[in-house]
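Structure first, then comments.
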Amino acid sequence: MTATEAPSPDSPAPEHKDQADRETFLPVFLRNLWSANTVTVTVLSIVLAMVIGAILIIVSDSDVLKTFSYFTARPGDALNGSWTLVSNAYADMFKGSILDPAAVSAWFNGTGTWQAAFFPISETLTYAAPLVFTGLSVAIAFRGGLFNIGGQGQATIGCITAAVAGFSFGLPIVLNLIVALIAGLVGGAIWGFIPGILKARTGAHEVIITIMLNYTATLFLTWLIAQHGVHDPARTDAISKSVPESAQLPSFGGSLRVNLGIVVAVLVTAGVAWMLNRSAFGFELRAVGANPAASRTAGISITKTYTLLMVLAGGLAGLGGATQVLGTAYNLTPAVAGNIGFDGLLVALLGRNRPWGTLFAALLFGALRAGGNRMQAYAGISLELVSVLQALIVIFIAAPALVKTVFHLRDARSARLGASMAKGW
């Protein structure tokens, strides 16, 4: 229609169009809520993993299994026994990771302390803090087209350098902590530089190099603990001297183990998100991850990007190791890093390799670990079940077609709300 033509009487006015759009938003949202978008698939993956976990809990209990031998005669015994067992187990997991109503009531009644009321969420945050760093390490490497499976080794080196710096320099409080954290970051960055430069210069596969460096870091830790000046002279087992209080991450009070590490983790997550989405290096990193050949043609240095990417990934994992040893362990032992590097792989996958998604995934894994401890102590459920739940969640996240089939999800719309929701975090 030209400027001189009058609008057709049948065509709706602009304000009517806007009103129609507003009226159709809610139906569109509800339709896309049960579609195969990222958020829905993630939530349903967790639900499906919990259902399978419930079945495993029932199968592992011999008393409940006996009730199924006469299921046809008295089905109520099997159903009630199964429900009681599963509900108590998951209730204990909730009480151990989020909130224990009895502890909160005792706090309000004056018979308990506020530390006891906040103990479950404290444990969740304590376990989650190192996973945030190792998850970000894996996620940022994925965004650049590399598979950093060496987070475990980088975190181990971060533990070593942070602890040694903490009990070697004898600096004043605050300064000693800052130096120890920087030492952990630098140690992990150096360990990440090795596969990065080899990948950039020689084309060596980063997966093989980082796997070998994981073993190297673990063996180096075992050797270092026994050396004079590092080993605790008052002990005969493999353990180092303790990190002094001046280099320890301050906790939030009393018996609560949660410390400043979770605050640092949130700040680092925000920094990584800004770097990926707002900085020039973040653009180059994402471009190289999407198409290295086109990036090289556009003038981006692949060698520089790969090297800096692995240095940054290693530094993040090293910071996770530093948080582990300065926040909870306080000593170097052969198992000081635990499995935070390997769990970081699962956290990054669950978080869809997005910084904030990785943070929330780490919180979920921390909750599973904290709740699993109580579930084992009170309900007698093996702690290995938590590992099974974590693995099932990741399996379903990695196989969205399976979740879509089980729950009969619709395809996510490719435009408007569906498209935005399908992008995830």
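Every chain in the structure tokens takes a letter, A first, then B, and so on in the order presented; its residues are numbered from 1, and the ligands are numbered from 1 following the presented order.
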
For Ser255 in chain A, please output as a PDB file with all heavy atoms, in the first residue's frame all residues within 10 Å (counting only C-alpha atoms; exclusion window: fewer than 6 positions along the same chain).
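The file below, around-v4.pdb, is the result:
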```pdb
ATOM      1  N   GLN A 115      22.634 -21.612  63.475  1.00  0.00           N
ATOM      2  CA  GLN A 115      23.593 -22.380  62.689  1.00  0.00           C
ATOM      3  C   GLN A 115      23.026 -23.738  62.299  1.00  0.00           C
ATOM      4  O   GLN A 115      23.220 -24.206  61.172  1.00  0.00           O
ATOM      5  CB  GLN A 115      24.900 -22.571  63.473  1.00  0.00           C
ATOM      6  CG  GLN A 115      25.722 -21.307  63.611  1.00  0.00           C
ATOM      7  CD  GLN A 115      25.421 -20.568  64.897  1.00  0.00           C
ATOM      8  OE1 GLN A 115      24.356 -20.766  65.482  1.00  0.00           O
ATOM      9  NE2 GLN A 115      26.343 -19.720  65.326  1.00  0.00           N
ATOM     10  N   ALA A 116      22.305 -24.375  63.218  1.00  0.00           N
ATOM     11  CA  ALA A 116      21.692 -25.667  62.909  1.00  0.00           C
ATOM     12  C   ALA A 116      20.604 -25.522  61.854  1.00  0.00           C
ATOM     13  O   ALA A 116      20.416 -26.412  61.011  1.00  0.00           O
ATOM     14  CB  ALA A 116      21.117 -26.290  64.177  1.00  0.00           C
ATOM     15  N   PHE A 118      20.530 -23.311  59.409  1.00  0.00           N
ATOM     16  CA  PHE A 118      21.139 -23.041  58.108  1.00  0.00           C
ATOM     17  C   PHE A 118      22.198 -24.071  57.716  1.00  0.00           C
ATOM     18  O   PHE A 118      22.832 -23.915  56.672  1.00  0.00           O
ATOM     19  CB  PHE A 118      21.775 -21.646  58.105  1.00  0.00           C
ATOM     20  CG  PHE A 118      20.784 -20.528  58.008  1.00  0.00           C
ATOM     21  CD1 PHE A 118      20.355 -19.869  59.148  1.00  0.00           C
ATOM     22  CD2 PHE A 118      20.252 -20.150  56.782  1.00  0.00           C
ATOM     23  CE1 PHE A 118      19.442 -18.838  59.080  1.00  0.00           C
ATOM     24  CE2 PHE A 118      19.340 -19.123  56.694  1.00  0.00           C
ATOM     25  CZ  PHE A 118      18.920 -18.458  57.844  1.00  0.00           C
ATOM     26  N   PHE A 119      22.376 -25.104  58.522  1.00  0.00           N
ATOM     27  CA  PHE A 119      23.404 -26.103  58.223  1.00  0.00           C
ATOM     28  C   PHE A 119      23.183 -26.812  56.890  1.00  0.00           C
ATOM     29  O   PHE A 119      24.141 -27.003  56.125  1.00  0.00           O
ATOM     30  CB  PHE A 119      23.483 -27.127  59.362  1.00  0.00           C
ATOM     31  CG  PHE A 119      24.523 -28.185  59.139  1.00  0.00           C
ATOM     32  CD1 PHE A 119      25.865 -27.928  59.398  1.00  0.00           C
ATOM     33  CD2 PHE A 119      24.172 -29.441  58.672  1.00  0.00           C
ATOM     34  CE1 PHE A 119      26.828 -28.905  59.191  1.00  0.00           C
ATOM     35  CE2 PHE A 119      25.123 -30.418  58.462  1.00  0.00           C
ATOM     36  CZ  PHE A 119      26.461 -30.154  58.727  1.00  0.00           C
ATOM     37  N   SER A 122      24.104 -24.612  54.042  1.00  0.00           N
ATOM     38  CA  SER A 122      25.535 -24.369  54.156  1.00  0.00           C
ATOM     39  C   SER A 122      26.333 -25.499  53.519  1.00  0.00           C
ATOM     40  O   SER A 122      27.313 -25.261  52.793  1.00  0.00           O
ATOM     41  CB  SER A 122      25.931 -24.217  55.629  1.00  0.00           C
ATOM     42  OG  SER A 122      27.333 -24.275  55.799  1.00  0.00           O
TER      43      SER A 122
END
```

Shell around range 91-94 of chain A at 8 Å using only C-alpha atoms, local window under 6 positions removed, as a ChimeraX atom specification
/A:100,368,370-375,378-379

Which residues, written as an mmCIF file with C-alpha atoms, in the first residue's frame, have at least one atom at most 9 Å from Gln154 in chain A, with only C-alpha atoms counted and residues fewer than 6 positions away on the same chain left out?
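Generated output (selection-v5.cif):
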```cif
data_model
loop_
_atom_site.group_PDB
_atom_site.id
_atom_site.type_symbol
_atom_site.label_atom_id
_atom_site.label_comp_id
_atom_site.auth_asym_id
_atom_site.auth_seq_id
_atom_site.Cartn_x
_atom_site.Cartn_y
_atom_site.Cartn_z
ATOM 1 C CA THR A 134 35.705 -26.599 37.475
ATOM 2 C CA GLY A 187 49.140 -23.003 39.108
ATOM 3 C CA GLY A 188 46.051 -24.161 37.255
ATOM 4 C CA ALA A 189 46.716 -21.676 34.436
ATOM 5 C CA ILE A 190 50.238 -23.064 33.936
ATOM 6 C CA TRP A 191 48.831 -26.599 33.849
ATOM 7 C CA GLY A 192 46.286 -25.469 31.267
ATOM 8 C CA THR A 210 44.893 -33.376 29.559
ATOM 9 C CA LEU A 213 48.391 -34.414 32.816
ATOM 10 C CA ASN A 214 45.688 -35.552 35.250
ATOM 11 C CA ALA A 217 49.344 -33.953 38.712
ATOM 12 C CA ALA A 313 40.207 -22.749 31.685
ATOM 13 C CA GLY A 314 43.146 -24.036 33.714
ATOM 14 C CA GLY A 315 43.113 -20.948 35.910
ATOM 15 C CA LEU A 316 39.431 -21.432 36.691
ATOM 16 C CA ALA A 317 39.975 -25.081 37.624
ATOM 17 C CA GLY A 318 43.006 -24.104 39.698
ATOM 18 C CA LEU A 319 40.864 -21.584 41.547
ATOM 19 C CA GLY A 320 38.428 -24.407 42.282
ATOM 20 C CA GLY A 321 41.268 -26.438 43.772
ATOM 21 C CA GLY A 341 37.450 -31.893 38.182
#
```

Quick one: everything within 10 Å of Phe142 in chain A, counting only C-alpha atoms, minus sequence neighbours fewer than 3 positions away in the same chain. Send it as JSON, numbers by chain.
{"A": [136, 137, 138, 139, 145, 146, 147, 148, 285, 286, 289, 309, 313, 348, 349, 352, 353, 354]}

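The interatomic distance for the pair CA of Asn80 in chain A and CA of Ser387 in chain A works out to 26.6 Å.
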
As an exercise, work out the distance from CA of Asn88 in chain A to CA of Val64 in chain A in Å and give it to one decimal place.
13.5 Å

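The protein and nucleic acid residues lying at most 9 Å from Val272 in chain A are A:Leu136, A:Ile140, A:Gly282, A:Pro355, with only C-alpha atoms considered and sequence neighbours fewer than 6 positions away removed.
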
Neighbours of Ala322 in chain A within 8 Å (only C-alpha atoms; same-chain residues fewer than 6 positions away dropped), as a ChimeraX atom specification?
/A:155,158-159,161-163,180-181,184-185

Requested write-out: N, CA, C and O atoms of the selected residues, as a PDB file, in the first residue's frame:
```
ATOM      1  N   ALA A 155      42.859 -28.664  38.857  1.00  0.00           N
ATOM      2  CA  ALA A 155      42.403 -28.408  40.218  1.00  0.00           C
ATOM      3  C   ALA A 155      43.398 -28.951  41.241  1.00  0.00           C
ATOM      4  O   ALA A 155      43.627 -28.328  42.287  1.00  0.00           O
ATOM      5  N   GLY A 158      46.169 -26.581  41.444  1.00  0.00           N
ATOM      6  CA  GLY A 158      45.684 -25.426  42.179  1.00  0.00           C
ATOM      7  C   GLY A 158      45.690 -25.662  43.683  1.00  0.00           C
ATOM      8  O   GLY A 158      46.033 -24.762  44.463  1.00  0.00           O
ATOM      9  N   CYS A 159      45.305 -26.870  44.095  1.00  0.00           N
ATOM     10  CA  CYS A 159      45.383 -27.227  45.520  1.00  0.00           C
ATOM     11  C   CYS A 159      46.821 -27.126  46.020  1.00  0.00           C
ATOM     12  O   CYS A 159      47.091 -26.578  47.097  1.00  0.00           O
ATOM     13  N   THR A 161      49.579 -25.479  44.759  1.00  0.00           N
ATOM     14  CA  THR A 161      50.178 -24.136  44.795  1.00  0.00           C
ATOM     15  C   THR A 161      49.510 -23.245  45.832  1.00  0.00           C
ATOM     16  O   THR A 161      50.185 -22.443  46.497  1.00  0.00           O
ATOM     17  N   ALA A 162      48.200 -23.373  46.017  1.00  0.00           N
ATOM     18  CA  ALA A 162      47.513 -22.555  47.015  1.00  0.00           C
ATOM     19  C   ALA A 162      47.946 -22.939  48.423  1.00  0.00           C
ATOM     20  O   ALA A 162      48.204 -22.065  49.266  1.00  0.00           O
ATOM     21  N   ALA A 163      48.000 -24.245  48.702  1.00  0.00           N
ATOM     22  CA  ALA A 163      48.379 -24.684  50.043  1.00  0.00           C
ATOM     23  C   ALA A 163      49.826 -24.342  50.356  1.00  0.00           C
ATOM     24  O   ALA A 163      50.138 -23.839  51.443  1.00  0.00           O
ATOM     25  N   ALA A 180      47.468 -16.773  48.295  1.00  0.00           N
ATOM     26  CA  ALA A 180      47.195 -18.204  48.130  1.00  0.00           C
ATOM     27  C   ALA A 180      46.196 -18.447  47.003  1.00  0.00           C
ATOM     28  O   ALA A 180      46.352 -19.380  46.195  1.00  0.00           O
ATOM     29  N   LEU A 181      45.159 -17.617  46.920  1.00  0.00           N
ATOM     30  CA  LEU A 181      44.180 -17.767  45.841  1.00  0.00           C
ATOM     31  C   LEU A 181      44.816 -17.496  44.484  1.00  0.00           C
ATOM     32  O   LEU A 181      44.567 -18.224  43.508  1.00  0.00           O
ATOM     33  N   GLY A 184      46.889 -20.444  43.482  1.00  0.00           N
ATOM     34  CA  GLY A 184      46.075 -21.532  42.943  1.00  0.00           C
ATOM     35  C   GLY A 184      45.644 -21.276  41.518  1.00  0.00           C
ATOM     36  O   GLY A 184      45.669 -22.168  40.668  1.00  0.00           O
ATOM     37  N   LEU A 185      45.244 -20.031  41.247  1.00  0.00           N
ATOM     38  CA  LEU A 185      44.842 -19.657  39.886  1.00  0.00           C
ATOM     39  C   LEU A 185      46.010 -19.788  38.916  1.00  0.00           C
ATOM     40  O   LEU A 185      45.855 -20.354  37.818  1.00  0.00           O
TER      41      LEU A 185
END
```

So which bits of range 106-208 of chain A end up helix (DSSP H, G or I) when you DSSP the backbone, as a count of residues only?
83

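Using only C-alpha atoms for every distance, the candidate list A:Arg369, A:Thr202, A:Ala165, A:Ala183 yields A:Arg369 as the residue closest to Val388 in chain A.
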
Name the residues in contact with Leu99 in chain A at a cut-off of 8 Å, using only C-alpha atoms, excluding same-chain residues fewer than 3 positions from it; report them as an NGL selection string.
:A and (94-96 or 104 or 117-118 or 120-121)

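Between Val179 in chain A and the candidates A:Asn339, A:Ser246, A:Asn259, A:Thr305, the tightest atom-to-atom separation, counting only C-alpha atoms, involves A:Ser246.
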
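Shortest separation to Ala128 in chain A among A:Ala106, A:Leu276, A:Ile262, A:Leu308 occurs at residue A:Ile262, atoms counted being only C-alpha atoms.
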